[in-house]
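The next block is coords-v2.txt, given as compact mmCIF, C-alpha atoms.
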# COMPACT_ATOMS: atom_id res chain seq x y z
CA ASP U 1 76.96 -33.71 -18.38
CA ALA U 2 75.09 -33.17 -15.16
CA MET U 3 76.54 -34.17 -11.84
CA PRO U 4 75.14 -37.30 -10.16
CA GLY U 5 71.87 -36.55 -8.41
CA GLN U 6 71.23 -33.51 -10.59
CA GLU U 7 69.22 -33.05 -13.75
CA LYS U 8 69.63 -30.72 -16.67
CA ASP U 9 67.44 -27.65 -16.83
CA TYR U 10 65.08 -27.68 -19.83
CA PRO U 11 63.20 -24.38 -19.56
CA LEU U 12 61.47 -24.75 -22.96
CA ASN U 13 60.63 -28.45 -22.77
CA PRO U 14 57.00 -28.83 -21.59
CA PHE U 15 57.65 -32.44 -20.54
CA LYS U 16 60.36 -31.27 -18.12
CA GLN U 17 58.23 -28.54 -16.57
CA PRO U 18 56.96 -29.18 -13.01
CA LEU U 19 53.30 -29.79 -12.36
CA ASP U 20 50.95 -26.84 -12.01
CA GLN U 21 51.60 -25.36 -8.59
CA GLY U 22 49.77 -22.04 -8.86
CA ASP U 23 52.32 -19.32 -9.51
CA SER U 24 54.71 -21.71 -11.32
CA ARG U 25 52.68 -21.87 -14.50
CA ILE U 26 54.37 -21.29 -17.85
CA ASP U 27 54.32 -17.73 -19.12
CA ILE U 28 52.72 -17.25 -22.53
CA PRO U 29 52.77 -14.30 -24.97
CA ALA U 30 49.91 -11.87 -24.45
CA PRO U 31 47.66 -11.19 -27.47
CA ASP U 32 48.50 -8.19 -29.63
CA PRO U 33 46.22 -5.15 -29.22
CA ALA U 34 43.66 -4.55 -31.97
CA LEU U 35 45.19 -1.44 -33.53
CA ALA U 36 43.05 0.97 -35.54
CA PRO U 37 42.88 0.55 -39.35
CA THR U 38 45.65 2.29 -41.27
CA PHE U 39 46.98 2.68 -44.83
CA ASP U 40 50.40 1.37 -43.84
CA CYS U 41 51.58 -1.79 -45.57
CA ASP U 42 51.89 -3.68 -42.28
CA PRO U 43 49.57 -2.37 -39.54
CA SER U 44 51.21 -4.64 -36.95
CA THR U 45 54.63 -2.99 -37.31
CA ASN U 46 54.30 -1.15 -34.00
CA ALA U 47 52.58 -4.03 -32.20
CA HIS U 48 55.92 -5.24 -30.82
CA ARG U 49 55.92 -2.26 -28.44
CA TYR U 50 53.06 -3.78 -26.47
CA ARG U 51 54.10 -7.44 -26.42
CA TYR U 52 54.96 -9.11 -23.14
CA LEU U 53 54.70 -12.46 -21.36
CA GLU U 54 51.76 -12.95 -19.02
CA ASN U 55 50.86 -15.57 -16.45
CA SER U 56 47.33 -16.74 -15.73
CA ASN U 57 48.08 -16.31 -12.00
CA GLY U 58 49.70 -12.91 -12.43
CA TRP U 59 48.79 -9.46 -13.67
CA ILE U 60 46.95 -9.18 -16.98
CA CYS U 61 47.62 -5.96 -18.85
CA ARG U 62 45.72 -4.75 -21.89
CA ALA U 63 46.26 -1.62 -23.97
CA ILE U 64 43.38 0.81 -24.47
CA VAL U 65 42.99 1.51 -28.19
CA GLU U 66 41.38 4.79 -29.26
CA PRO U 67 39.09 4.00 -32.24
CA ASP U 68 39.29 7.54 -33.65
CA GLY U 69 43.08 7.82 -33.75
CA LEU U 70 45.12 9.67 -36.34
CA GLU U 71 46.95 8.07 -39.27
CA HIS U 72 50.42 6.66 -38.44
CA ASP U 73 49.41 6.77 -34.78
CA ASP U 74 48.98 3.68 -32.62
CA GLY U 75 45.96 5.21 -30.91
CA ILE U 76 47.02 3.77 -27.54
CA ASN U 77 46.87 6.30 -24.74
CA GLY U 78 46.49 4.05 -21.72
CA PHE U 79 46.31 0.55 -20.35
CA THR U 80 44.33 -1.64 -17.98
CA ALA U 81 45.85 -4.00 -15.41
CA GLU U 82 43.92 -6.54 -13.35
CA ASN U 83 44.62 -9.51 -11.14
CA TYR U 84 42.71 -12.14 -9.19
CA TYR U 85 43.80 -13.55 -5.85
CA GLY U 86 42.47 -16.49 -3.86
CA THR U 87 40.37 -18.02 -6.64
CA MET U 88 41.77 -21.55 -6.22
CA ALA U 89 41.12 -23.50 -3.01
CA ASP U 90 43.18 -26.44 -1.77
CA PRO U 91 40.94 -28.75 0.32
CA THR U 92 43.93 -30.90 1.35
CA SER U 93 45.94 -28.00 2.79
CA LYS U 94 46.22 -27.49 6.53
CA ASP U 95 46.63 -23.74 6.07
CA PRO U 96 43.17 -22.14 6.50
CA LYS U 97 44.12 -19.35 4.05
CA LYS U 98 44.76 -21.90 1.30
CA LYS U 99 41.87 -24.18 2.26
CA ASN U 100 39.30 -21.34 2.38
CA PRO U 101 40.86 -18.42 0.49
CA THR U 102 39.30 -14.99 0.20
CA PRO U 103 38.69 -14.13 -3.48
CA THR U 104 40.05 -10.67 -4.27
CA TYR U 105 39.91 -8.69 -7.50
CA VAL U 106 42.24 -5.75 -8.20
CA MET U 107 41.92 -3.50 -11.25
CA SER U 108 43.46 -0.23 -12.36
CA GLN U 109 43.07 1.77 -15.56
CA ILE U 110 45.19 4.75 -16.59
CA ASN U 111 44.39 6.78 -19.68
CA MET U 112 45.88 10.01 -21.02
CA PRO U 113 44.00 11.03 -24.19
CA GLU U 114 45.48 14.55 -24.16
CA LYS U 115 48.51 16.21 -22.70
CA ASP U 116 48.14 17.13 -19.03
CA LYS U 117 44.83 15.26 -18.90
CA LEU U 118 45.19 12.04 -16.96
CA THR U 119 42.25 9.84 -15.94
CA LEU U 120 42.51 7.12 -13.32
CA VAL U 121 40.12 4.34 -12.39
CA ALA U 122 41.01 1.78 -9.70
CA GLU U 123 39.01 -0.88 -7.89
CA ILE U 124 39.64 -3.53 -5.28
CA GLU U 125 36.91 -5.97 -4.25
CA SER U 126 36.90 -8.99 -1.98
CA SER U 127 34.31 -11.50 -0.77
CA LYS U 128 34.17 -13.60 2.37
CA LEU U 129 31.99 -16.61 3.12
CA HIS U 130 31.07 -16.72 6.82
CA LYS U 131 31.11 -20.40 7.74
CA GLY U 132 30.14 -21.33 11.27
CA LYS U 133 31.18 -24.37 13.21
CA ASN U 134 27.85 -26.04 12.44
CA SER U 135 27.55 -24.85 8.86
CA GLY U 136 27.26 -28.35 7.47
CA ALA U 137 23.98 -30.12 6.84
CA PRO U 138 22.44 -31.45 10.07
CA LYS U 139 22.13 -35.19 10.36
CA SER U 140 18.91 -36.85 11.37
CA LYS U 141 18.92 -39.66 13.89
CA GLY U 142 19.50 -42.94 12.08
CA GLY U 143 18.89 -41.44 8.64
CA PRO U 144 20.48 -39.44 5.85
CA PRO U 145 21.54 -35.82 6.36
CA VAL U 146 18.78 -33.25 6.32
CA PRO U 147 19.21 -30.64 3.54
CA GLU U 148 20.08 -27.11 4.62
CA THR U 149 17.31 -24.53 4.71
CA SER U 150 19.72 -21.58 4.66
CA LYS U 151 23.23 -20.88 3.42
CA PRO U 152 26.06 -19.04 5.17
CA PRO U 153 26.09 -15.29 4.60
CA VAL U 154 28.51 -13.75 2.12
CA THR U 155 30.07 -10.33 2.60
CA THR U 156 31.52 -8.34 -0.29
CA GLY U 157 33.52 -5.18 0.26
CA GLY U 158 35.41 -2.90 -2.03
CA ILE U 159 37.04 0.46 -2.61
CA ASP U 160 36.71 2.45 -5.84
CA VAL U 161 38.90 5.37 -6.88
CA GLN U 162 38.17 7.53 -9.91
CA SER U 163 39.40 10.89 -11.13
CA LEU U 164 36.78 13.55 -11.89
CA GLY U 165 38.54 16.50 -13.48
CA ARG U 166 40.88 17.89 -10.84
CA ASP U 167 39.17 15.98 -8.03
CA ILE U 168 39.48 12.33 -7.04
CA MET U 169 36.41 10.37 -5.98
CA TYR U 170 36.72 7.72 -3.27
CA VAL U 171 33.96 5.18 -2.63
CA ALA U 172 34.00 2.51 0.10
CA ARG U 173 31.24 -0.09 0.08
CA ALA U 174 30.27 -3.28 1.87
CA GLU U 175 27.35 -5.63 1.39
CA THR U 176 26.17 -8.82 3.11
CA ARG U 177 23.84 -11.33 1.47
CA VAL U 178 21.96 -14.08 3.27
CA LYS U 179 20.00 -16.71 1.38
CA GLN U 180 17.24 -18.22 3.48
CA GLY U 181 16.15 -21.34 1.68
CA GLU U 182 15.45 -21.29 -2.04
CA LYS U 183 12.81 -18.54 -2.04
CA MET U 184 14.15 -15.70 0.10
CA LYS U 185 17.32 -13.63 -0.06
CA THR U 186 18.15 -10.72 2.25
CA CYS U 187 20.77 -8.13 1.43
CA ALA U 188 22.09 -5.21 3.52
CA GLY U 189 24.82 -2.78 2.57
CA VAL U 190 26.53 0.48 3.47
CA SER U 191 28.65 2.87 1.42
CA ALA U 192 30.60 6.10 1.84
CA PHE U 193 31.65 8.64 -0.77
CA ARG U 194 34.14 11.47 -0.61
CA SER U 195 35.53 13.83 -3.23
CA SER U 196 38.90 15.48 -2.63
CA LEU U 197 41.79 17.04 -4.50
CA LYS U 198 44.33 14.50 -3.24
CA PHE U 199 43.62 12.36 -0.21
CA PRO U 200 40.21 11.38 1.24
CA HIS U 201 40.62 13.23 4.56
CA THR U 202 38.94 16.43 3.30
CA GLY U 203 36.10 17.31 0.97
CA PRO U 204 32.35 16.67 0.76
CA LEU U 205 31.19 13.45 2.39
CA ALA U 206 28.16 11.28 1.62
CA PHE U 207 27.12 7.98 3.16
CA GLY U 208 24.22 5.61 2.69
CA ALA U 209 22.68 2.32 3.74
CA LYS U 210 20.13 -0.05 2.22
CA VAL U 211 18.17 -3.19 3.04
CA GLU U 212 16.75 -5.41 0.33
CA GLU U 213 14.49 -8.45 0.41
CA ARG U 214 13.97 -10.69 -2.61
CA ILE U 215 11.16 -13.23 -2.52
CA LYS U 216 10.58 -15.94 -5.10
CA LEU U 217 6.85 -16.63 -4.95
CA ASN U 218 6.95 -19.38 -7.58
CA LYS U 219 8.76 -20.17 -10.83
CA LYS U 220 7.64 -16.96 -12.52
CA LEU U 221 6.54 -14.52 -9.81
CA ARG U 222 9.12 -12.32 -8.05
CA LEU U 223 8.76 -9.68 -5.33
CA ASN U 224 11.59 -7.29 -4.43
CA MET U 225 11.44 -4.74 -1.61
CA THR U 226 14.15 -2.17 -0.95
CA ALA U 227 14.56 0.63 1.60
CA GLY U 228 17.50 2.97 1.93
CA ALA U 229 18.77 6.32 3.16
CA ILE U 230 21.50 8.71 2.02
CA GLY U 231 23.10 11.46 4.07
CA GLY U 232 25.47 14.17 2.90
CA LYS U 233 27.76 16.69 4.53
CA ALA U 234 29.32 19.67 2.76
CA ALA U 235 33.00 20.53 2.91
CA ASP U 236 32.37 23.07 5.69
CA GLY U 237 30.92 20.30 7.87
CA LYS U 238 27.76 22.31 8.66
CA THR U 239 25.34 21.66 5.80
CA ASN U 240 23.63 18.31 6.24
CA GLN U 241 21.03 16.75 3.95
CA TYR U 242 19.24 13.44 4.20
CA LEU U 243 17.21 11.48 1.69
CA LYS U 244 15.07 8.42 2.39
CA GLY U 245 13.45 6.14 -0.12
CA ALA U 246 11.69 2.82 -0.64
CA ASN U 247 10.95 0.67 -3.66
CA VAL U 248 8.62 -2.26 -4.28
CA GLN U 249 8.89 -4.29 -7.47
CA PHE U 250 6.66 -7.11 -8.70
CA MET U 251 7.65 -9.14 -11.77
CA ILE U 252 6.28 -11.95 -13.88
CA LYS U 253 9.19 -13.71 -15.56
CA GLY U 254 9.07 -15.19 -19.04
CA ASN U 255 10.20 -18.61 -20.18
CA LYS U 256 13.99 -18.72 -19.96
CA LYS U 257 14.25 -21.74 -22.24
CA LYS U 258 12.49 -19.84 -25.02
CA GLY U 259 14.42 -16.64 -24.32
CA GLU U 260 11.33 -14.64 -23.34
CA PRO U 261 11.82 -11.36 -21.43
CA THR U 262 9.97 -10.29 -18.29
CA LYS U 263 6.28 -10.22 -19.23
CA LEU U 264 5.00 -7.82 -16.55
CA GLN U 265 6.78 -5.44 -14.21
CA VAL U 266 5.12 -3.14 -11.67
CA ILE U 267 7.24 -0.72 -9.63
CA GLY U 268 6.20 1.61 -6.83
CA THR U 269 8.58 4.18 -5.32
CA ALA U 270 8.47 6.62 -2.41
CA MET U 271 11.02 9.31 -1.56
CA HIS U 272 11.25 11.73 1.36
CA TRP U 273 13.49 14.82 1.16
CA LYS U 274 13.21 18.13 3.00
CA LYS U 275 9.74 17.40 4.41
CA ASP U 276 8.51 16.59 0.91
CA ILE U 277 7.21 13.16 -0.06
CA ALA U 278 7.20 12.07 -3.70
CA LEU U 279 5.37 8.97 -4.89
CA GLY U 280 5.66 7.27 -8.25
CA GLY U 281 4.49 4.21 -10.11
CA ASP U 282 5.61 2.45 -13.27
CA ILE U 283 4.10 -0.48 -15.13
CA GLN U 284 5.56 -2.26 -18.14
CA ALA U 285 4.21 -5.21 -20.13
CA ILE U 286 5.92 -7.10 -22.94
CA GLN U 287 4.09 -9.43 -25.30
CA MET U 288 5.89 -11.49 -27.92
CA VAL U 289 4.44 -11.07 -31.43
CA GLY U 290 5.86 -14.01 -33.28
CA PRO U 291 9.30 -15.50 -32.64
CA ASP U 292 11.30 -12.35 -33.52
CA SER U 293 9.08 -9.41 -32.49
CA ALA U 294 7.90 -7.95 -29.21
CA LEU U 295 5.22 -5.39 -28.31
CA THR U 296 6.09 -3.24 -25.28
CA ALA U 297 3.62 -1.04 -23.40
CA ARG U 298 4.78 1.24 -20.58
CA ALA U 299 3.07 3.85 -18.40
CA ASN U 300 4.28 5.86 -15.39
CA LEU U 301 2.75 8.48 -13.10
CA ASN U 302 3.99 10.41 -10.06
CA SER U 303 2.36 12.36 -7.24
CA ARG U 304 2.98 15.69 -9.01
CA GLY U 305 0.60 14.74 -11.81
CA SER U 306 3.18 14.11 -14.56
CA GLY U 307 3.49 10.84 -16.43
CA SER U 308 3.77 9.24 -19.83
CA VAL U 309 2.43 6.36 -21.91
CA GLN U 310 4.58 4.53 -24.46
CA LEU U 311 3.82 1.83 -26.99
CA ARG U 312 6.69 0.30 -28.94
CA LEU U 313 7.09 -2.54 -31.42
CA THR U 314 10.55 -4.04 -31.91
CA SER U 315 11.64 -6.69 -34.39
CA THR U 316 15.00 -8.30 -35.09
CA ASP U 317 14.42 -10.31 -38.23
CA THR U 318 11.23 -9.04 -39.87
CA ILE U 319 11.36 -6.06 -42.22
CA LYS U 320 7.63 -5.76 -42.85
CA TYR U 321 7.09 -3.95 -39.54
CA GLY U 322 9.69 -1.39 -40.58
CA LEU U 323 7.70 -0.63 -43.72
CA VAL U 324 4.86 0.63 -41.52
CA GLY U 325 6.96 3.73 -40.85
CA LEU U 326 6.69 4.65 -44.55
CA VAL U 327 2.98 5.46 -44.18
CA PRO U 328 3.34 8.69 -42.11
CA THR U 329 6.43 9.66 -44.13
CA VAL U 330 4.68 9.36 -47.49
CA THR U 331 1.61 11.15 -46.08
CA ALA U 332 3.74 14.09 -44.87
CA ILE U 333 5.54 14.37 -48.22
CA TRP U 334 2.27 14.24 -50.15
CA GLY U 335 0.77 16.94 -47.96
CA PHE U 336 3.83 19.15 -48.47
CA LEU U 337 3.70 18.77 -52.28
CA THR U 338 -0.04 19.41 -52.53
CA GLY U 339 -0.03 22.29 -50.01
CA ASN U 340 -2.47 20.61 -47.61
CA MET U 341 -0.14 20.67 -44.59
Would you encode the structure as structure tokens?
Amino acid sequence: DAMPGQEKDYPLNPFKQPLDQGDSRIDIPAPDPALAPTFDCDPSTNAHRYRYLENSNGWICRAIVEPDGLEHDDGINGFTAENYYGTMADPTSKDPKKKNPTPTYVMSQINMPEKDKLTLVAEIESSKLHKGKNSGAPKSKGGPPVPETSKPPVTTGGIDVQSLGRDIMYVARAETRVKQGEKMKTCAGVSAFRSSLKFPHTGPLAFGAKVEERIKLNKKLRLNMTAGAIGGKAADGKTNQYLKGANVQFMIKGNKKKGEPTKLQVIGTAMHWKKDIALGGDIQAIQMVGPDSALTARANLNSRGSGSVQLRLTSTDTIKYGLVGLVPTVTAIWGFLTGNM
């Protein structure tokens, strides 16, 4: 019997568990990995090697299954681990970190398909909402609050690490988005890239910046404008190269309720590199032919005089359009048999 003032511990009784307090959630068994098909009597015999208890607020690990594995082989050569931080806010807390947390995503993937051949992919990304002192909706004199015409900017930053053969690629990026009303959105970002054998203090370096403006003209018309520049420096620190570019995109959206794609898309690009300017244009139109078919026409041309024109018909549920392809096939076979090719 328990002492007065104490209670027995019931770790497996859900009615005796405390309320959900974030990290105190009950651990549950993780799902078994989908092993490759095998001729063994029980394919899940080796699944116990990869079973563990996971928490929705903790790390989530998943095995990477190779679809083309050998017989009597699990086909698992790596795993993926990810975690989310700061996704739940507590409005009643006095701690600003708990009241306005910073969402952060961490992911890593390790795979070793062959001996002495290890691949690594890692990512960490975080977002921050910049709220000012007067970020709330302004109040009119003697009336209801006036709706906001703009929202606070959001900044997203991250670091990516990936192995490329013997080298390791490091990428640092940051982007800030500002939504001005319901029709305009401005985005600006910078990034840096470096490739090195071990640590990112040596090796080739590249950096870039971009500015993007998205305008919603009406319910269907969209206008996107982007300008950016990329600079690179070789490992010796002497060879420098710079590339500048701009892009303008005009779109006519389809009906989202009916699942229609973008009806018209016109893109114009300009690029400047080594005192050479290259211009290009691309236009694409999609017309629905019945409920399950679409006709796509596309044409592009650049300042060097090269381009292409494409016409394509796609269908998901009608076989009669596929029978059209039999006409040139039968014609070619007939010409081959009769010697008229």
| What is the atom CA of U:Pro103 to atom CA of U:Gly158 distance in Å? |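 If I compute the distance from atom CA of U:Pro103 to atom CA of U:Gly158, I get 11.8 Å.
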| task | For U:Met288, please output as an MDAnalysis selection string all residues within 10 Å (counting all atoms listed in the file; exclusion window: fewer than 2 positions along the same chain). | result | chainID U and resid 260:261 263 286 290:296 313:315
Same residues, C-alpha atoms, output as a compact mmCIF listing (two decimals), in the coordinates of the input:
# COMPACT_ATOMS: atom_id res chain seq x y z
CA GLU U 260 11.33 -14.64 -23.34
CA PRO U 261 11.82 -11.36 -21.43
CA LYS U 263 6.28 -10.22 -19.23
CA ILE U 286 5.92 -7.10 -22.94
CA GLY U 290 5.86 -14.01 -33.28
CA PRO U 291 9.30 -15.50 -32.64
CA ASP U 292 11.30 -12.35 -33.52
CA SER U 293 9.08 -9.41 -32.49
CA ALA U 294 7.90 -7.95 -29.21
CA LEU U 295 5.22 -5.39 -28.31
CA THR U 296 6.09 -3.24 -25.28
CA LEU U 313 7.09 -2.54 -31.42
CA THR U 314 10.55 -4.04 -31.91
CA SER U 315 11.64 -6.69 -34.39
| Minimum-distance residue to U:Tyr52, chosen among U:Ile159, U:Ile333, U:Ile28, U:Leu217 (using only C-alpha atoms) | U:Ile28
Could you work out an axis-aligned box for stretch 174-188 of chain U, taking every atom the file lists and adding 5 Å on each side, and report centre and edge lengths in Å to one decimal, as JSON?
{"center_x": 21.5, "center_y": -12.3, "center_z": 0.7, "size_x": 27.5, "size_y": 28.1, "size_z": 15.6}
| Residues within 10 Å of U:Val211, only C-alpha atoms, excluding chain neighbours under 6 positions, as a PyMOL selection string | chain U and resi 175-176+186-190+225-229+246
| task | Name the residues in contact with stretch 182-185 of chain U at a cut-off of 9 Å, using all atoms listed in the file, excluding same-chain residues fewer than 5 positions from it; report them as a list in words. | result | Thr149, Ser150, Arg177, Glu212, Glu213, Arg214, Ile215, Lys216, Leu217 and Asn218 of chain U
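For the pair atom CA of U:Asp74 and atom CA of U:Ser163, the interatomic distance is 24.6 Å.
Between atom CA of U:Pro29 and atom CA of U:Met112 the interatomic distance comes to 25.6 Å.
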List the spatial neighbours of U:Val266 as an mmCIF file with C-alpha atoms, keeping the file's coordinate frame - criterion: any atom at most 7 Å away, only C-alpha atoms, same-chain residues fewer than 6 positions off excluded.
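File written: out-v1.cif
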data_model
loop_
_atom_site.group_PDB
_atom_site.id
_atom_site.type_symbol
_atom_site.label_atom_id
_atom_site.label_comp_id
_atom_site.auth_asym_id
_atom_site.auth_seq_id
_atom_site.Cartn_x
_atom_site.Cartn_y
_atom_site.Cartn_z
ATOM 1 C CA GLN U 249 8.890 -4.290 -7.470
ATOM 2 C CA PHE U 250 6.660 -7.110 -8.700
ATOM 3 C CA MET U 251 7.650 -9.140 -11.770
ATOM 4 C CA ASP U 282 5.610 2.450 -13.270
ATOM 5 C CA ILE U 283 4.100 -0.480 -15.130
ATOM 6 C CA GLN U 284 5.560 -2.260 -18.140
#
